[in-house]
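Asks: Could you have a look at this structure, given as structure tokens, before my questions?
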Amino acid sequence: MATFTEKKQASRERRHRRVRARVTGTGQRPRLNVFRSLSNIYAQVIDDVTGKTLVSASTIDREIAKQVEGKKKSEAAKIVGQALAQRAKAAGITTVVFDRGGYQYHGRVAALAEGAREGGLEF
């Protein structure tokens with residue numbers, strides 16, 4: 001019998017597959033993917049045509065980890081979004097397609113998106 005956590009994870013993966021059926025990243029407009037764990041948040045800009053990660057940022061990156069130390073999770077997510085946008089702009093990426101990863105667009109996921117928009121990414 002599956003535990004509550006396993007059911008919750010399976011539901012998220014099902015939602016994520018549904019989102020991914022519609023959302024794909026191209027070279028001109030890559031996909032901004034979000035993964036959220038209990039303590040950290042990760043974001044990647046992915047070109048699905050080539051299958052490569054172009055840019056990434058997370059709360060475990062050394063320079064970002066120093067900035068987010070002692071902050072709330074949603075504040076940390078916003079900082080990660082801003083850092084990702086900065087790295088994406090340096091790589092020549094200005095527009096992306098947002099992939100919420102099966103998570104509700106709320107809290108940390110929304111904060112990351114807001115930070116990325118403030119950093120200059122368009123989606």
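By convention in this document, the chains of the structure tokens carry letters A, B, ... by their order, each chain's residues are numbered from 1, and ligands are numbered from 1 in the order they are shown.
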Quick one: everything within 6 Å of stretch 41-46 of chain A, counting only C-alpha atoms, minus sequence neighbours fewer than 5 positions away in the same chain. Send it as JSON, numbers by chain.
Replies: {"A": [30, 31, 32, 33, 34, 35, 36, 52, 53, 54, 55, 56, 57, 58, 59]}
Asks: Would you pick out the contacts of A:Gly81 at 6 Å or less, using only C-alpha atoms, so that residues sharing its chain but fewer than 3 positions from it are not included, and give the list as a PyMOL selection string?
Replies: chain A and resi 78+84+112+115-116
Asks: What separation in Å, quoted to one decimal, exists between atom CA of A:Val97 and atom CA of A:Phe123?
Replies: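 Between atom CA of A:Val97 and atom CA of A:Phe123 the gap is 5.8 Å.
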Asks: List the neighbours of A:Val68 out to 9 Å using only C-alpha atoms; skip same-chain residues closer than 5 positions along the sequence, and give me the result as a list in words.
Replies: Thr59, Lys73, Glu75, Ala76, Ala77, Ile79 and Val80 of chain A
Asks: Output N, CA, C and O atoms for every residue in that selection, as a CSV table (one decimal), in the first residue's frame.
Replies:
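The file below, again-v2.csv, is the result:
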chain,number,residue,atom,x,y,z
A,59,THR,N,19.3,26.8,-4.8
A,59,THR,CA,19.7,27.3,-3.5
A,59,THR,C,20.9,26.6,-3.0
A,59,THR,O,21.5,27.0,-2.0
A,73,LYS,N,11.9,30.4,2.7
A,73,LYS,CA,12.0,29.7,1.5
A,73,LYS,C,11.5,30.5,0.3
A,73,LYS,O,12.1,30.4,-0.8
A,75,GLU,N,11.5,33.7,-0.1
A,75,GLU,CA,12.5,34.8,-0.4
A,75,GLU,C,13.7,34.2,-1.1
A,75,GLU,O,14.3,34.8,-2.0
A,76,ALA,N,14.1,33.0,-0.7
A,76,ALA,CA,15.2,32.3,-1.3
A,76,ALA,C,14.9,31.9,-2.8
A,76,ALA,O,15.7,32.1,-3.7
A,77,ALA,N,13.6,31.5,-3.0
A,77,ALA,CA,13.2,31.2,-4.4
A,77,ALA,C,13.2,32.4,-5.3
A,77,ALA,O,13.6,32.3,-6.4
A,79,ILE,N,15.3,34.9,-5.0
A,79,ILE,CA,16.7,35.2,-5.3
A,79,ILE,C,17.2,34.2,-6.3
A,79,ILE,O,18.0,34.6,-7.2
A,80,VAL,N,16.8,33.0,-6.3
A,80,VAL,CA,17.2,32.0,-7.3
A,80,VAL,C,16.6,32.4,-8.6
A,80,VAL,O,17.3,32.3,-9.7
Asks: Which residue gives the smallest distance to A:Gly120 among A:Val19, A:Ala2, A:Ala85, A:Ile93, with only C-alpha atoms counted?
Replies: A:Ala85
Asks: Using DSSP assignments from the backbone, pull out every residue in chain A that falls under strand (DSSP E or B) and give it to me as JSON, numbers by chain.
Replies: {"A": [31, 32, 33, 34, 35, 36, 41, 42, 43, 44, 45, 46, 47, 52, 53, 54, 55, 56, 57, 58, 95, 97, 98, 99, 122]}
Asks: As an exercise, work out the distance from atom CA of A:Thr5 to atom CA of A:Leu38 in Å and give it to one decimal place.
Replies: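 Calculated distance between atom CA of A:Thr5 and atom CA of A:Leu38 is 12.0 Å.
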Asks: Rounded to one decimal in Å, what is the spacing between atom CA of A:Gln67 and atom CA of A:Glu114?
Replies: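 Calculated distance between atom CA of A:Gln67 and atom CA of A:Glu114 is 17.4 Å.
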Asks: Give the answer as one residue: which of A:Arg62, A:Arg100, A:Lys71, A:Arg29 has the shortest atom-to-atom distance to A:Arg17, using only C-alpha atoms?
Replies: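 Ranking A:Arg62, A:Arg100, A:Lys71, A:Arg29 by distance to A:Arg17, first place goes to A:Arg100.
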Asks: Enumerate, as number ranges by chain, the complete set of residues in chain A that a backbone-based DSSP assignment places in alpha helix (DSSP H).
Replies: A: 4-22, 62-68, 73-90, 108-118
Asks: Print the selection's residues with C-alpha atoms to a file, as a PDB file, in the first residue's frame.
Replies:
ATOM      1  CA  PHE A   4       0.611   9.497   1.595  1.00  0.00           C
ATOM      2  CA  THR A   5       3.950  10.880   0.390  1.00  0.00           C
ATOM      3  CA  GLU A   6       4.176   8.349  -2.443  1.00  0.00           C
ATOM      4  CA  LYS A   7       0.626   9.184  -3.582  1.00  0.00           C
ATOM      5  CA  LYS A   8       1.374  12.889  -3.458  1.00  0.00           C
ATOM      6  CA  GLN A   9       4.562  12.430  -5.509  1.00  0.00           C
ATOM      7  CA  ALA A  10       2.750  10.244  -8.056  1.00  0.00           C
ATOM      8  CA  SER A  11       0.022  12.880  -8.417  1.00  0.00           C
ATOM      9  CA  ARG A  12       2.623  15.601  -8.982  1.00  0.00           C
ATOM     10  CA  GLU A  13       4.366  13.492 -11.611  1.00  0.00           C
ATOM     11  CA  ARG A  14       1.019  12.913 -13.369  1.00  0.00           C
ATOM     12  CA  ARG A  15       0.318  16.665 -13.379  1.00  0.00           C
ATOM     13  CA  HIS A  16       3.840  17.312 -14.631  1.00  0.00           C
ATOM     14  CA  ARG A  17       3.354  14.901 -17.555  1.00  0.00           C
ATOM     15  CA  ARG A  18       0.124  16.726 -18.421  1.00  0.00           C
ATOM     16  CA  VAL A  19       1.910  20.097 -18.398  1.00  0.00           C
ATOM     17  CA  ARG A  20       4.849  18.721 -20.418  1.00  0.00           C
ATOM     18  CA  ALA A  21       2.472  17.439 -23.095  1.00  0.00           C
ATOM     19  CA  ARG A  22       1.759  21.079 -23.944  1.00  0.00           C
ATOM     20  CA  ARG A  62      27.675  28.333  -3.617  1.00  0.00           C
ATOM     21  CA  GLU A  63      27.138  32.013  -4.426  1.00  0.00           C
ATOM     22  CA  ILE A  64      23.347  31.781  -4.067  1.00  0.00           C
ATOM     23  CA  ALA A  65      23.558  29.720  -0.853  1.00  0.00           C
ATOM     24  CA  LYS A  66      25.432  32.600   0.803  1.00  0.00           C
ATOM     25  CA  GLN A  67      22.699  35.065  -0.197  1.00  0.00           C
ATOM     26  CA  VAL A  68      19.768  32.905   0.938  1.00  0.00           C
ATOM     27  CA  LYS A  73      12.009  29.670   1.504  1.00  0.00           C
ATOM     28  CA  SER A  74       9.928  31.972  -0.697  1.00  0.00           C
ATOM     29  CA  GLU A  75      12.512  34.764  -0.370  1.00  0.00           C
ATOM     30  CA  ALA A  76      15.221  32.273  -1.328  1.00  0.00           C
ATOM     31  CA  ALA A  77      13.171  31.191  -4.356  1.00  0.00           C
ATOM     32  CA  LYS A  78      12.926  34.798  -5.519  1.00  0.00           C
ATOM     33  CA  ILE A  79      16.707  35.176  -5.265  1.00  0.00           C
ATOM     34  CA  VAL A  80      17.164  31.965  -7.282  1.00  0.00           C
ATOM     35  CA  GLY A  81      14.795  33.344  -9.952  1.00  0.00           C
ATOM     36  CA  GLN A  82      16.755  36.578 -10.177  1.00  0.00           C
ATOM     37  CA  ALA A  83      20.079  34.722 -10.398  1.00  0.00           C
ATOM     38  CA  LEU A  84      18.694  32.434 -13.103  1.00  0.00           C
ATOM     39  CA  ALA A  85      17.476  35.433 -15.116  1.00  0.00           C
ATOM     40  CA  GLN A  86      20.876  37.072 -14.804  1.00  0.00           C
ATOM     41  CA  ARG A  87      22.645  33.912 -16.023  1.00  0.00           C
ATOM     42  CA  ALA A  88      20.124  33.455 -18.842  1.00  0.00           C
ATOM     43  CA  LYS A  89      20.620  37.020 -20.059  1.00  0.00           C
ATOM     44  CA  ALA A  90      24.382  36.454 -20.025  1.00  0.00           C
ATOM     45  CA  ARG A 108       7.878  29.301  -3.780  1.00  0.00           C
ATOM     46  CA  VAL A 109       7.103  28.497  -7.429  1.00  0.00           C
ATOM     47  CA  ALA A 110       5.384  31.853  -7.932  1.00  0.00           C
ATOM     48  CA  ALA A 111       8.192  33.646  -6.063  1.00  0.00           C
ATOM     49  CA  LEU A 112      10.794  32.087  -8.361  1.00  0.00           C
ATOM     50  CA  ALA A 113       8.783  33.146 -11.420  1.00  0.00           C
ATOM     51  CA  GLU A 114       8.415  36.669 -10.041  1.00  0.00           C
ATOM     52  CA  GLY A 115      12.164  36.873  -9.397  1.00  0.00           C
ATOM     53  CA  ALA A 116      12.920  35.676 -12.928  1.00  0.00           C
ATOM     54  CA  ARG A 117      10.578  38.303 -14.375  1.00  0.00           C
ATOM     55  CA  GLU A 118      12.201  41.008 -12.255  1.00  0.00           C
TER      56      GLU A 118
END
